[in-house]
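Just below is one structure, and these are the notes that go with it.
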Number of protein chains: 2
Amino acid sequence: MGDTQLLDRAFAALADPTRRDLVARLAVADATVGELAEPYDVSFQAISKHVKVLEEAGLVTRSRDAQRRPVHLNAEALDLMTGWIERYRREVEARYRRLDDLLARAAGDDEDRRPDKEQAS
Amino acid sequence: MGDTQLLDRAFAALADPTRRDLVARLAVADATVGELAEPYDVSFQAISKHVKVLEEAGLVTRSRDAQRRPVHLNAEALDLMTGWIERYRREVEARYRRLDDLLARAAGDDEDRRPDKEQAS
DNA sequence: ATCGTTGTCAACCGATTGGTTGAAGAAGGG
DNA sequence: CCCTTCTTCAACCAATCGGTTGACAACGAT
């Protein structure tokens, strides 16, 4: 699957607070759908659907262990997301810095004309 | 607004490829809605809606400059998202490491009993 | 004061989403 | 083989979403 589609699904998956909570719990330990569903007061099937959404987003995988299907958090999908976000966060912050430099340089020009105080903290 | 609600909206906002593209372009430079809308073949109003979604997610702010309303990417919202993701990514990776250690220690025990071949590749 | 530019609001449409309930599939244990 | 356990599939419902078009609000220019 393309990264774009994967990002679509991953971001959409984490847009739901229940699913974010599932991810938080799966970070601590793998769990079956049944175990995951227990704390919530929605139907078991609703949680099964949530897990399916996480799975289709690549955020979790499942193995088979007899009747149980333990759900396992996939760190790589999280990497894909932070990778995307960080790229643009860095870009915009670099832009802020350039603006700051520009302002500092303008202030520096002022200093050139009034060559006394330096590094106005 | 609560962080939970903000995360809901931020993740939902980035779940749309058009909105991710807007963010990518805003990382390079601020832009007006009109400038943002130009490359896409959807209606101007559709992009206006997308920008509104980004704004309500805290991902973007707008200032007023005469008739123009330049849109500006907000790095802090991106930080909030990576902060959330990274927390659980680190947690699950720490868990992997513990598991690896455990397996390595088990392998070490094997070595104790059959102290000959090492690293069966 | 009117005009063009820039942008939002409102109403509507089809598709998707998160939830429900009910039935069915898959894999041991008796 | 049947029974129980864990899990998914199917159908349905209300709500939300991304898109459209049309009207309107805000501001500068003429």
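Identifiers in this document derive from the order of the structure tokens: chains are assigned A, B, ..., residues are numbered from 1 separately in each chain, and ligands are numbered from 1 in order of occurrence.
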Is it possible to get the superposed chain B, fitted on chain A over all Cα pairs by sequence order, as a short mmCIF file (atom, residue, chain, number, x, y, z; two decimals) with N, CA and C atoms, in the first residue's frame?
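Written file, out.cif:
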data_model
loop_
_atom_site.label_atom_id
_atom_site.label_comp_id
_atom_site.auth_asym_id
_atom_site.auth_seq_id
_atom_site.Cartn_x
_atom_site.Cartn_y
_atom_site.Cartn_z
N MET B 1 -0.05 -1.12 -0.28
CA MET B 1 -0.84 0.12 -0.20
C MET B 1 0.07 1.34 -0.24
N GLY B 2 -0.37 2.40 -0.88
CA GLY B 2 0.45 3.62 -0.96
C GLY B 2 0.62 4.27 0.40
N ASP B 3 1.73 4.95 0.55
CA ASP B 3 1.98 5.63 1.82
C ASP B 3 0.90 6.66 2.10
N THR B 4 0.43 7.31 1.05
CA THR B 4 -0.60 8.34 1.26
C THR B 4 -1.83 7.73 1.91
N GLN B 5 -2.30 6.65 1.34
CA GLN B 5 -3.49 5.98 1.89
C GLN B 5 -3.23 5.48 3.30
N LEU B 6 -2.00 4.96 3.50
CA LEU B 6 -1.63 4.45 4.82
C LEU B 6 -1.62 5.59 5.84
N LEU B 7 -1.10 6.75 5.43
CA LEU B 7 -1.09 7.91 6.32
C LEU B 7 -2.51 8.37 6.60
N ASP B 8 -3.34 8.41 5.57
CA ASP B 8 -4.76 8.75 5.77
C ASP B 8 -5.32 7.91 6.90
N ARG B 9 -5.15 6.62 6.77
CA ARG B 9 -5.79 5.71 7.72
C ARG B 9 -5.14 5.77 9.09
N ALA B 10 -3.81 5.91 9.11
CA ALA B 10 -3.11 5.94 10.40
C ALA B 10 -3.51 7.19 11.19
N PHE B 11 -3.52 8.34 10.52
CA PHE B 11 -3.90 9.57 11.23
C PHE B 11 -5.36 9.50 11.65
N ALA B 12 -6.22 9.02 10.76
CA ALA B 12 -7.63 8.90 11.11
C ALA B 12 -7.81 7.95 12.28
N ALA B 13 -7.03 6.88 12.29
CA ALA B 13 -7.15 5.89 13.37
C ALA B 13 -6.82 6.53 14.71
N LEU B 14 -5.76 7.31 14.75
CA LEU B 14 -5.33 7.91 16.02
C LEU B 14 -6.14 9.15 16.39
N ALA B 15 -7.05 9.55 15.53
CA ALA B 15 -7.89 10.71 15.84
C ALA B 15 -8.95 10.36 16.88
N ASP B 16 -9.15 9.08 17.12
CA ASP B 16 -10.16 8.66 18.09
C ASP B 16 -9.51 8.34 19.43
N PRO B 17 -9.98 8.94 20.52
CA PRO B 17 -9.33 8.76 21.82
C PRO B 17 -9.37 7.31 22.30
N THR B 18 -10.44 6.60 22.00
CA THR B 18 -10.49 5.18 22.39
C THR B 18 -9.39 4.40 21.67
N ARG B 19 -9.21 4.68 20.38
CA ARG B 19 -8.17 3.95 19.64
C ARG B 19 -6.78 4.36 20.12
N ARG B 20 -6.59 5.64 20.48
CA ARG B 20 -5.29 6.01 21.05
C ARG B 20 -5.03 5.27 22.34
N ASP B 21 -6.09 5.10 23.14
CA ASP B 21 -5.93 4.38 24.39
C ASP B 21 -5.57 2.91 24.12
N LEU B 22 -6.19 2.33 23.11
CA LEU B 22 -5.86 0.95 22.74
C LEU B 22 -4.38 0.86 22.38
N VAL B 23 -3.91 1.81 21.59
CA VAL B 23 -2.50 1.81 21.19
C VAL B 23 -1.61 1.93 22.42
N ALA B 24 -1.99 2.81 23.34
CA ALA B 24 -1.18 3.00 24.55
C ALA B 24 -1.09 1.69 25.33
N ARG B 25 -2.20 0.98 25.40
CA ARG B 25 -2.18 -0.28 26.15
C ARG B 25 -1.42 -1.35 25.40
N LEU B 26 -1.52 -1.35 24.09
CA LEU B 26 -0.80 -2.37 23.30
C LEU B 26 0.70 -2.11 23.29
N ALA B 27 1.10 -0.89 23.59
CA ALA B 27 2.54 -0.61 23.68
C ALA B 27 3.14 -1.37 24.85
N VAL B 28 2.33 -1.57 25.89
CA VAL B 28 2.80 -2.28 27.08
C VAL B 28 2.81 -3.78 26.85
N ALA B 29 1.75 -4.30 26.25
CA ALA B 29 1.68 -5.74 26.04
C ALA B 29 0.63 -6.07 24.98
N ASP B 30 0.89 -7.13 24.22
CA ASP B 30 -0.12 -7.63 23.30
C ASP B 30 -1.36 -8.02 24.09
N ALA B 31 -2.50 -8.04 23.42
CA ALA B 31 -3.73 -8.40 24.11
C ALA B 31 -4.76 -8.89 23.09
N THR B 32 -5.70 -9.66 23.56
CA THR B 32 -6.79 -10.10 22.69
C THR B 32 -7.85 -9.01 22.65
N VAL B 33 -8.76 -9.12 21.69
CA VAL B 33 -9.84 -8.14 21.59
C VAL B 33 -10.66 -8.13 22.88
N GLY B 34 -10.91 -9.30 23.42
CA GLY B 34 -11.69 -9.40 24.66
C GLY B 34 -11.03 -8.65 25.80
N GLU B 35 -9.73 -8.86 25.95
CA GLU B 35 -9.01 -8.16 27.01
C GLU B 35 -9.04 -6.65 26.76
N LEU B 36 -8.87 -6.28 25.51
CA LEU B 36 -8.88 -4.85 25.18
C LEU B 36 -10.23 -4.23 25.50
N ALA B 37 -11.30 -4.97 25.23
CA ALA B 37 -12.65 -4.42 25.37
C ALA B 37 -13.06 -4.25 26.82
N GLU B 38 -12.50 -5.05 27.68
CA GLU B 38 -12.98 -5.15 29.07
C GLU B 38 -13.14 -3.79 29.77
N PRO B 39 -12.13 -2.87 29.73
CA PRO B 39 -12.26 -1.65 30.54
C PRO B 39 -13.31 -0.66 30.06
N TYR B 40 -13.76 -0.76 28.81
CA TYR B 40 -14.65 0.27 28.28
C TYR B 40 -16.09 -0.16 28.48
N ASP B 41 -16.98 0.80 28.54
CA ASP B 41 -18.39 0.43 28.71
C ASP B 41 -19.15 0.53 27.39
N VAL B 42 -18.43 0.27 26.30
CA VAL B 42 -19.12 0.13 25.02
C VAL B 42 -19.16 -1.36 24.70
N SER B 43 -19.91 -1.70 23.67
CA SER B 43 -20.04 -3.11 23.33
C SER B 43 -18.71 -3.69 22.85
N PHE B 44 -18.61 -4.99 23.05
CA PHE B 44 -17.46 -5.73 22.57
C PHE B 44 -17.24 -5.51 21.07
N GLN B 45 -18.33 -5.51 20.30
CA GLN B 45 -18.22 -5.35 18.85
C GLN B 45 -17.64 -4.00 18.46
N ALA B 46 -17.95 -3.00 19.25
CA ALA B 46 -17.42 -1.66 18.95
C ALA B 46 -15.89 -1.69 19.02
N ILE B 47 -15.35 -2.37 20.05
CA ILE B 47 -13.90 -2.46 20.18
C ILE B 47 -13.32 -3.30 19.05
N SER B 48 -14.02 -4.35 18.68
CA SER B 48 -13.58 -5.16 17.54
C SER B 48 -13.44 -4.29 16.29
N LYS B 49 -14.42 -3.41 16.09
CA LYS B 49 -14.33 -2.48 14.95
C LYS B 49 -13.12 -1.56 15.07
N HIS B 50 -12.90 -1.03 16.27
CA HIS B 50 -11.76 -0.14 16.48
C HIS B 50 -10.46 -0.87 16.13
N VAL B 51 -10.34 -2.11 16.59
CA VAL B 51 -9.13 -2.87 16.31
C VAL B 51 -8.98 -3.07 14.81
N LYS B 52 -10.09 -3.30 14.13
CA LYS B 52 -10.04 -3.47 12.69
C LYS B 52 -9.53 -2.20 12.00
N VAL B 53 -9.99 -1.06 12.49
CA VAL B 53 -9.53 0.22 11.93
C VAL B 53 -8.02 0.35 12.12
N LEU B 54 -7.54 0.01 13.32
CA LEU B 54 -6.10 0.08 13.59
C LEU B 54 -5.35 -0.88 12.67
N GLU B 55 -5.94 -2.05 12.45
CA GLU B 55 -5.28 -3.05 11.60
C GLU B 55 -5.18 -2.56 10.16
N GLU B 56 -6.27 -1.98 9.65
CA GLU B 56 -6.27 -1.51 8.26
C GLU B 56 -5.35 -0.30 8.09
N ALA B 57 -5.03 0.36 9.20
CA ALA B 57 -4.08 1.48 9.15
C ALA B 57 -2.65 0.97 9.28
N GLY B 58 -2.49 -0.33 9.45
CA GLY B 58 -1.14 -0.88 9.59
C GLY B 58 -0.56 -0.68 10.98
N LEU B 59 -1.36 -0.15 11.90
CA LEU B 59 -0.83 0.15 13.23
C LEU B 59 -0.74 -1.10 14.10
N VAL B 60 -1.44 -2.13 13.67
CA VAL B 60 -1.57 -3.31 14.51
C VAL B 60 -1.61 -4.54 13.61
N THR B 61 -1.08 -5.64 14.09
CA THR B 61 -1.19 -6.91 13.36
C THR B 61 -1.79 -7.93 14.31
N ARG B 62 -2.25 -9.05 13.75
CA ARG B 62 -2.81 -10.10 14.59
C ARG B 62 -2.25 -11.43 14.15
N SER B 63 -1.94 -12.26 15.12
CA SER B 63 -1.53 -13.63 14.81
C SER B 63 -2.64 -14.55 15.32
N ARG B 64 -2.53 -15.79 14.96
CA ARG B 64 -3.53 -16.73 15.45
C ARG B 64 -2.87 -17.67 16.45
N ASP B 65 -3.50 -17.79 17.59
CA ASP B 65 -2.99 -18.67 18.64
C ASP B 65 -4.20 -19.38 19.21
N ALA B 66 -4.53 -20.53 18.62
CA ALA B 66 -5.76 -21.27 18.96
C ALA B 66 -6.95 -20.37 18.67
N GLN B 67 -7.93 -20.25 19.61
CA GLN B 67 -9.06 -19.35 19.35
C GLN B 67 -8.68 -17.90 19.49
N ARG B 68 -7.60 -17.65 20.20
CA ARG B 68 -7.23 -16.28 20.49
C ARG B 68 -6.56 -15.63 19.28
N ARG B 69 -6.77 -14.33 19.13
CA ARG B 69 -6.14 -13.57 18.06
C ARG B 69 -5.41 -12.39 18.67
N PRO B 70 -4.26 -12.64 19.28
CA PRO B 70 -3.58 -11.55 19.98
C PRO B 70 -3.27 -10.39 19.04
N VAL B 71 -3.50 -9.20 19.52
CA VAL B 71 -3.27 -7.97 18.77
C VAL B 71 -1.91 -7.42 19.18
N HIS B 72 -1.18 -6.96 18.20
CA HIS B 72 0.23 -6.61 18.40
C HIS B 72 0.50 -5.25 17.75
N LEU B 73 1.06 -4.32 18.51
CA LEU B 73 1.33 -2.98 17.99
C LEU B 73 2.50 -3.02 17.02
N ASN B 74 2.35 -2.31 15.90
CA ASN B 74 3.39 -2.28 14.87
C ASN B 74 4.15 -0.96 14.88
N ALA B 75 5.38 -0.98 15.36
CA ALA B 75 6.16 0.26 15.51
C ALA B 75 6.43 0.94 14.17
N GLU B 76 6.49 0.16 13.09
CA GLU B 76 6.83 0.76 11.79
C GLU B 76 5.79 1.78 11.34
N ALA B 77 4.52 1.50 11.62
CA ALA B 77 3.48 2.44 11.23
C ALA B 77 3.66 3.75 12.01
N LEU B 78 4.05 3.62 13.27
CA LEU B 78 4.29 4.83 14.07
C LEU B 78 5.46 5.60 13.47
N ASP B 79 6.48 4.87 13.01
CA ASP B 79 7.62 5.52 12.36
C ASP B 79 7.19 6.30 11.13
N LEU B 80 6.30 5.68 10.35
CA LEU B 80 5.83 6.36 9.13
C LEU B 80 5.21 7.70 9.49
N MET B 81 4.42 7.72 10.55
CA MET B 81 3.74 8.95 10.95
C MET B 81 4.73 10.00 11.45
N THR B 82 5.61 9.59 12.37
CA THR B 82 6.56 10.59 12.88
C THR B 82 7.47 11.06 11.75
N GLY B 83 7.79 10.15 10.84
CA GLY B 83 8.61 10.55 9.69
C GLY B 83 7.95 11.68 8.93
N TRP B 84 6.67 11.52 8.65
CA TRP B 84 5.96 12.56 7.91
C TRP B 84 5.96 13.87 8.69
N ILE B 85 5.56 13.79 9.96
CA ILE B 85 5.43 15.01 10.76
C ILE B 85 6.78 15.71 10.92
N GLU B 86 7.79 14.92 11.27
CA GLU B 86 9.10 15.50 11.59
C GLU B 86 9.69 16.25 10.39
N ARG B 87 9.44 15.71 9.21
CA ARG B 87 9.95 16.37 8.01
C ARG B 87 9.51 17.82 7.95
N TYR B 88 8.23 18.06 8.21
CA TYR B 88 7.72 19.41 8.07
C TYR B 88 7.98 20.24 9.31
N ARG B 89 8.05 19.57 10.45
CA ARG B 89 8.40 20.31 11.65
C ARG B 89 9.81 20.89 11.51
N ARG B 90 10.73 20.04 11.02
CA ARG B 90 12.10 20.52 10.84
C ARG B 90 12.14 21.65 9.83
N GLU B 91 11.35 21.52 8.78
CA GLU B 91 11.35 22.54 7.74
C GLU B 91 10.89 23.88 8.29
N VAL B 92 9.79 23.86 9.03
CA VAL B 92 9.28 25.13 9.53
C VAL B 92 10.21 25.70 10.59
N GLU B 93 10.84 24.84 11.37
CA GLU B 93 11.75 25.36 12.39
C GLU B 93 13.02 25.94 11.78
N ALA B 94 13.47 25.32 10.70
CA ALA B 94 14.60 25.89 9.98
C ALA B 94 14.24 27.28 9.47
N ARG B 95 13.00 27.43 9.04
CA ARG B 95 12.54 28.72 8.54
C ARG B 95 12.53 29.75 9.67
N TYR B 96 12.07 29.33 10.85
CA TYR B 96 12.09 30.24 12.00
C TYR B 96 13.52 30.72 12.25
N ARG B 97 14.44 29.75 12.22
CA ARG B 97 15.84 30.09 12.52
C ARG B 97 16.37 31.10 11.51
N ARG B 98 16.04 30.89 10.23
CA ARG B 98 16.49 31.85 9.22
C ARG B 98 15.92 33.23 9.52
N LEU B 99 14.64 33.27 9.92
CA LEU B 99 14.03 34.56 10.23
C LEU B 99 14.72 35.20 11.43
N ASP B 100 15.01 34.40 12.44
CA ASP B 100 15.70 34.92 13.61
C ASP B 100 17.06 35.49 13.21
N ASP B 101 17.77 34.76 12.37
CA ASP B 101 19.07 35.23 11.90
C ASP B 101 18.93 36.57 11.22
N LEU B 102 17.91 36.66 10.36
CA LEU B 102 17.68 37.88 9.62
C LEU B 102 17.44 39.04 10.58
N LEU B 103 16.60 38.81 11.57
CA LEU B 103 16.31 39.87 12.55
C LEU B 103 17.57 40.22 13.33
N ALA B 104 18.34 39.21 13.69
CA ALA B 104 19.57 39.46 14.43
C ALA B 104 20.52 40.30 13.59
N ARG B 105 20.57 39.96 12.29
CA ARG B 105 21.46 40.71 11.42
C ARG B 105 20.98 42.16 11.29
N ALA B 106 19.65 42.35 11.19
CA ALA B 106 19.10 43.71 11.13
C ALA B 106 19.46 44.47 12.40
N ALA B 107 19.32 43.81 13.54
CA ALA B 107 19.70 44.43 14.81
C ALA B 107 21.18 44.79 14.79
N GLY B 108 21.99 43.93 14.24
CA GLY B 108 23.42 44.20 14.11
C GLY B 108 23.66 45.45 13.28
N ASP B 109 22.89 45.60 12.19
CA ASP B 109 23.02 46.80 11.36
C ASP B 109 22.69 48.04 12.18
N ASP B 110 21.62 47.94 13.01
CA ASP B 110 21.28 49.06 13.87
C ASP B 110 22.48 49.43 14.75
N GLU B 111 23.06 48.40 15.30
CA GLU B 111 24.22 48.62 16.15
C GLU B 111 25.31 49.38 15.40
N ASP B 112 25.52 49.01 14.15
CA ASP B 112 26.55 49.68 13.35
C ASP B 112 26.30 51.18 13.27
N ARG B 113 24.97 51.52 13.21
CA ARG B 113 24.66 52.93 13.05
C ARG B 113 24.63 53.66 14.40
N ARG B 114 24.18 52.96 15.44
CA ARG B 114 24.13 53.57 16.78
C ARG B 114 24.92 52.63 17.69
N PRO B 115 26.19 52.76 17.66
CA PRO B 115 27.03 51.70 18.23
C PRO B 115 27.07 51.69 19.74
N ASP B 116 25.99 52.19 20.39
CA ASP B 116 26.08 52.30 21.83
C ASP B 116 25.35 51.18 22.58
N LYS B 117 24.00 51.37 22.80
CA LYS B 117 23.30 50.42 23.67
C LYS B 117 23.14 49.07 22.97
N GLU B 118 23.25 48.06 23.79
CA GLU B 118 23.17 46.69 23.30
C GLU B 118 22.09 45.96 24.09
N GLN B 119 21.37 45.02 23.43
CA GLN B 119 20.38 44.17 24.12
C GLN B 119 19.42 45.01 24.95
N ALA B 120 18.55 45.78 24.29
CA ALA B 120 17.60 46.62 25.01
C ALA B 120 16.55 45.78 25.75
N SER B 121 16.93 44.63 26.22
CA SER B 121 16.11 43.70 27.01
C SER B 121 14.65 43.62 26.58
#
> Would you give me, as an NGL selection string, the residues in chain B that DSSP reads as alpha helix (DSSP H)?
Replying inline: :B and (3-14 or 17-28 or 33-37 or 44-56 or 75-113)
Would you put the residues from that selection into a file with C-alpha atoms, as a PDB file, in the first residue's frame?
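Result saved to again.pdb:
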ATOM      1  CA  ASP B   3      -5.616  18.068  24.675  1.00  0.00           C
ATOM      2  CA  THR B   4      -7.801  15.073  23.920  1.00  0.00           C
ATOM      3  CA  GLN B   5     -10.162  17.087  21.769  1.00  0.00           C
ATOM      4  CA  LEU B   6      -7.224  18.878  20.173  1.00  0.00           C
ATOM      5  CA  LEU B   7      -5.599  15.537  19.338  1.00  0.00           C
ATOM      6  CA  ASP B   8      -8.896  14.268  17.927  1.00  0.00           C
ATOM      7  CA  ARG B   9      -9.074  17.204  15.587  1.00  0.00           C
ATOM      8  CA  ALA B  10      -5.383  17.332  14.721  1.00  0.00           C
ATOM      9  CA  PHE B  11      -5.215  13.656  13.764  1.00  0.00           C
ATOM     10  CA  ALA B  12      -8.504  13.883  11.883  1.00  0.00           C
ATOM     11  CA  ALA B  13      -7.237  16.974  10.078  1.00  0.00           C
ATOM     12  CA  LEU B  14      -4.089  15.230   8.866  1.00  0.00           C
ATOM     13  CA  PRO B  17      -4.333  14.030   1.871  1.00  0.00           C
ATOM     14  CA  THR B  18      -5.402  17.456   0.622  1.00  0.00           C
ATOM     15  CA  ARG B  19      -5.012  18.897   4.120  1.00  0.00           C
ATOM     16  CA  ARG B  20      -1.623  17.211   4.527  1.00  0.00           C
ATOM     17  CA  ASP B  21      -0.583  18.823   1.270  1.00  0.00           C
ATOM     18  CA  LEU B  22      -1.759  22.204   2.557  1.00  0.00           C
ATOM     19  CA  VAL B  23       0.351  21.707   5.669  1.00  0.00           C
ATOM     20  CA  ALA B  24       3.358  20.746   3.559  1.00  0.00           C
ATOM     21  CA  ARG B  25       3.002  23.919   1.524  1.00  0.00           C
ATOM     22  CA  LEU B  26       2.440  26.094   4.580  1.00  0.00           C
ATOM     23  CA  ALA B  27       5.654  24.742   6.084  1.00  0.00           C
ATOM     24  CA  VAL B  28       7.470  26.497   3.252  1.00  0.00           C
ATOM     25  CA  VAL B  33      -6.715  30.750   1.046  1.00  0.00           C
ATOM     26  CA  GLY B  34      -6.799  31.841  -2.585  1.00  0.00           C
ATOM     27  CA  GLU B  35      -3.168  30.965  -3.128  1.00  0.00           C
ATOM     28  CA  LEU B  36      -3.664  27.666  -1.360  1.00  0.00           C
ATOM     29  CA  ALA B  37      -6.700  26.798  -3.471  1.00  0.00           C
ATOM     30  CA  PHE B  44     -12.367  27.492  -3.667  1.00  0.00           C
ATOM     31  CA  GLN B  45     -14.922  26.961  -0.882  1.00  0.00           C
ATOM     32  CA  ALA B  46     -13.794  23.392  -0.388  1.00  0.00           C
ATOM     33  CA  ILE B  47     -10.266  24.611   0.380  1.00  0.00           C
ATOM     34  CA  SER B  48     -11.677  27.282   2.664  1.00  0.00           C
ATOM     35  CA  LYS B  49     -13.379  24.479   4.597  1.00  0.00           C
ATOM     36  CA  HIS B  50     -10.152  22.485   4.749  1.00  0.00           C
ATOM     37  CA  VAL B  51      -8.311  25.496   6.144  1.00  0.00           C
ATOM     38  CA  LYS B  52     -11.046  25.922   8.728  1.00  0.00           C
ATOM     39  CA  VAL B  53     -10.615  22.306   9.803  1.00  0.00           C
ATOM     40  CA  LEU B  54      -6.866  22.869  10.179  1.00  0.00           C
ATOM     41  CA  GLU B  55      -7.553  26.035  12.159  1.00  0.00           C
ATOM     42  CA  GLU B  56      -9.975  24.324  14.554  1.00  0.00           C
ATOM     43  CA  ALA B  75       4.512  24.146  14.972  1.00  0.00           C
ATOM     44  CA  GLU B  76       3.179  23.658  18.505  1.00  0.00           C
ATOM     45  CA  ALA B  77       0.246  21.586  17.306  1.00  0.00           C
ATOM     46  CA  LEU B  78       2.677  19.367  15.419  1.00  0.00           C
ATOM     47  CA  ASP B  79       4.662  19.031  18.651  1.00  0.00           C
ATOM     48  CA  LEU B  80       1.547  17.933  20.499  1.00  0.00           C
ATOM     49  CA  MET B  81       1.016  15.150  17.973  1.00  0.00           C
ATOM     50  CA  THR B  82       4.590  13.886  17.879  1.00  0.00           C
ATOM     51  CA  GLY B  83       4.646  14.104  21.665  1.00  0.00           C
ATOM     52  CA  TRP B  84       1.690  11.763  21.882  1.00  0.00           C
ATOM     53  CA  ILE B  85       3.000   9.322  19.294  1.00  0.00           C
ATOM     54  CA  GLU B  86       6.583   9.273  20.531  1.00  0.00           C
ATOM     55  CA  ARG B  87       5.524   8.445  24.058  1.00  0.00           C
ATOM     56  CA  TYR B  88       3.997   5.164  22.977  1.00  0.00           C
ATOM     57  CA  ARG B  89       6.553   4.418  20.323  1.00  0.00           C
ATOM     58  CA  ARG B  90       9.268   4.627  22.965  1.00  0.00           C
ATOM     59  CA  GLU B  91       7.229   2.469  25.303  1.00  0.00           C
ATOM     60  CA  VAL B  92       6.698  -0.310  22.810  1.00  0.00           C
ATOM     61  CA  GLU B  93      10.318  -0.193  21.676  1.00  0.00           C
ATOM     62  CA  ALA B  94      11.516  -0.437  25.240  1.00  0.00           C
ATOM     63  CA  ARG B  95       9.325  -3.509  25.513  1.00  0.00           C
ATOM     64  CA  TYR B  96      10.924  -5.009  22.405  1.00  0.00           C
ATOM     65  CA  ARG B  97      14.341  -4.418  23.919  1.00  0.00           C
ATOM     66  CA  ARG B  98      13.353  -6.153  27.145  1.00  0.00           C
ATOM     67  CA  LEU B  99      12.096  -9.106  25.118  1.00  0.00           C
ATOM     68  CA  ASP B 100      15.324  -9.207  23.134  1.00  0.00           C
ATOM     69  CA  ASP B 101      17.308  -9.154  26.364  1.00  0.00           C
ATOM     70  CA  LEU B 102      15.218 -11.990  27.698  1.00  0.00           C
ATOM     71  CA  LEU B 103      15.817 -14.068  24.582  1.00  0.00           C
ATOM     72  CA  ALA B 104      19.512 -13.251  24.660  1.00  0.00           C
ATOM     73  CA  ARG B 105      19.664 -14.333  28.275  1.00  0.00           C
ATOM     74  CA  ALA B 106      17.839 -17.586  27.418  1.00  0.00           C
ATOM     75  CA  ALA B 107      20.364 -18.166  24.631  1.00  0.00           C
ATOM     76  CA  GLY B 108      23.106 -17.517  27.166  1.00  0.00           C
ATOM     77  CA  ASP B 109      21.612 -20.202  29.416  1.00  0.00           C
ATOM     78  CA  ASP B 110      21.703 -22.599  26.467  1.00  0.00           C
ATOM     79  CA  GLU B 111      25.337 -21.780  26.045  1.00  0.00           C
ATOM     80  CA  ASP B 112      25.941 -22.614  29.698  1.00  0.00           C
ATOM     81  CA  ARG B 113      24.543 -26.065  29.103  1.00  0.00           C
TER      82      ARG B 113
END
>> Could you list, as a ChimeraX atom specification, every residue within 10 Å of DG4 in chain C, counting only C-alpha atoms (C1' of nucleotides) and ignoring same-chain residues fewer than 2 positions away?
In response: /C:2,6 /D:28-29
Just to be explicit: take each residue in the selection above, keep C-alpha atoms (C1' of nucleotides), and write the result as a PDB file, in the first residue's frame.
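Contents of the output file selection-v1.pdb:
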ATOM      1  C1'  DT C   2     -20.193  51.277  -6.395  1.00  0.00           C
ATOM      2  C1'  DT C   6     -11.158  37.751  -0.998  1.00  0.00           C
TER       3       DT C   6
ATOM      4  C1'  DG D  28      -9.618  48.497  -0.804  1.00  0.00           C
ATOM      5  C1'  DA D  29      -9.660  50.852  -5.019  1.00  0.00           C
TER       6       DA D  29
END
> Which chain D residues are at most 9 Å from chain B (counting only C-alpha atoms (C1' of nucleotides)), as number ranges by chain?
Replying inline: D: 18-20, 26-28
Would you save the residues from that selection as an mmCIF file, in the first residue's frame, using N, CA, C and O atoms (P, O5', C5', C4', C3', O3' and C1' of nucleotides)?
data_model
loop_
_atom_site.group_PDB
_atom_site.id
_atom_site.type_symbol
_atom_site.label_atom_id
_atom_site.label_comp_id
_atom_site.auth_asym_id
_atom_site.auth_seq_id
_atom_site.Cartn_x
_atom_site.Cartn_y
_atom_site.Cartn_z
ATOM 1 P P DG D 18 -13.392 15.658 5.902
ATOM 2 O "O5'" DG D 18 -13.581 15.762 4.326
ATOM 3 C "C5'" DG D 18 -13.391 14.630 3.501
ATOM 4 C "C4'" DG D 18 -13.981 14.923 2.150
ATOM 5 C "C3'" DG D 18 -13.530 16.263 1.567
ATOM 6 O "O3'" DG D 18 -13.167 16.096 0.200
ATOM 7 C "C1'" DG D 18 -15.890 16.189 1.693
ATOM 8 P P DG D 19 -12.562 17.291 -0.622
ATOM 9 O "O5'" DG D 19 -13.823 17.837 -1.448
ATOM 10 C "C5'" DG D 19 -14.299 17.109 -2.570
ATOM 11 C "C4'" DG D 19 -15.718 17.483 -2.898
ATOM 12 C "C3'" DG D 19 -15.967 18.924 -3.351
ATOM 13 O "O3'" DG D 19 -15.664 19.093 -4.718
ATOM 14 C "C1'" DG D 19 -17.743 18.088 -1.974
ATOM 15 P P DT D 20 -15.757 20.582 -5.335
ATOM 16 O "O5'" DT D 20 -17.326 20.854 -5.510
ATOM 17 C "C5'" DT D 20 -18.091 20.019 -6.388
ATOM 18 C "C4'" DT D 20 -19.564 20.398 -6.283
ATOM 19 C "C3'" DT D 20 -19.858 21.856 -6.611
ATOM 20 O "O3'" DT D 20 -20.196 21.984 -7.983
ATOM 21 C "C1'" DT D 20 -21.011 21.168 -4.613
ATOM 22 P P DA D 26 -19.316 41.968 8.025
ATOM 23 O "O5'" DA D 26 -17.824 42.304 7.603
ATOM 24 C "C5'" DA D 26 -16.870 41.232 7.559
ATOM 25 C "C4'" DA D 26 -15.665 41.679 6.752
ATOM 26 C "C3'" DA D 26 -15.324 43.163 6.919
ATOM 27 O "O3'" DA D 26 -13.931 43.239 7.106
ATOM 28 C "C1'" DA D 26 -15.506 42.623 4.641
ATOM 29 P P DC D 27 -13.293 44.524 7.904
ATOM 30 O "O5'" DC D 27 -12.379 45.190 6.787
ATOM 31 C "C5'" DC D 27 -11.466 44.356 6.074
ATOM 32 C "C4'" DC D 27 -11.252 44.884 4.674
ATOM 33 C "C3'" DC D 27 -11.024 46.383 4.567
ATOM 34 O "O3'" DC D 27 -9.625 46.593 4.488
ATOM 35 C "C1'" DC D 27 -12.288 45.467 2.741
ATOM 36 P P DG D 28 -8.965 48.082 4.262
ATOM 37 O "O5'" DG D 28 -8.884 48.196 2.670
ATOM 38 C "C5'" DG D 28 -8.508 47.036 1.946
ATOM 39 C "C4'" DG D 28 -8.059 47.360 0.551
ATOM 40 C "C3'" DG D 28 -7.519 48.756 0.304
ATOM 41 O "O3'" DG D 28 -6.590 48.690 -0.784
ATOM 42 C "C1'" DG D 28 -9.618 48.497 -0.804
#
> Taking only C-alpha atoms (C1' of nucleotides) into account, what are the residues of chain C at most 12 Å from chain A, put as a PyMOL selection string?
Replying inline: chain C and resi 16-22+25-28
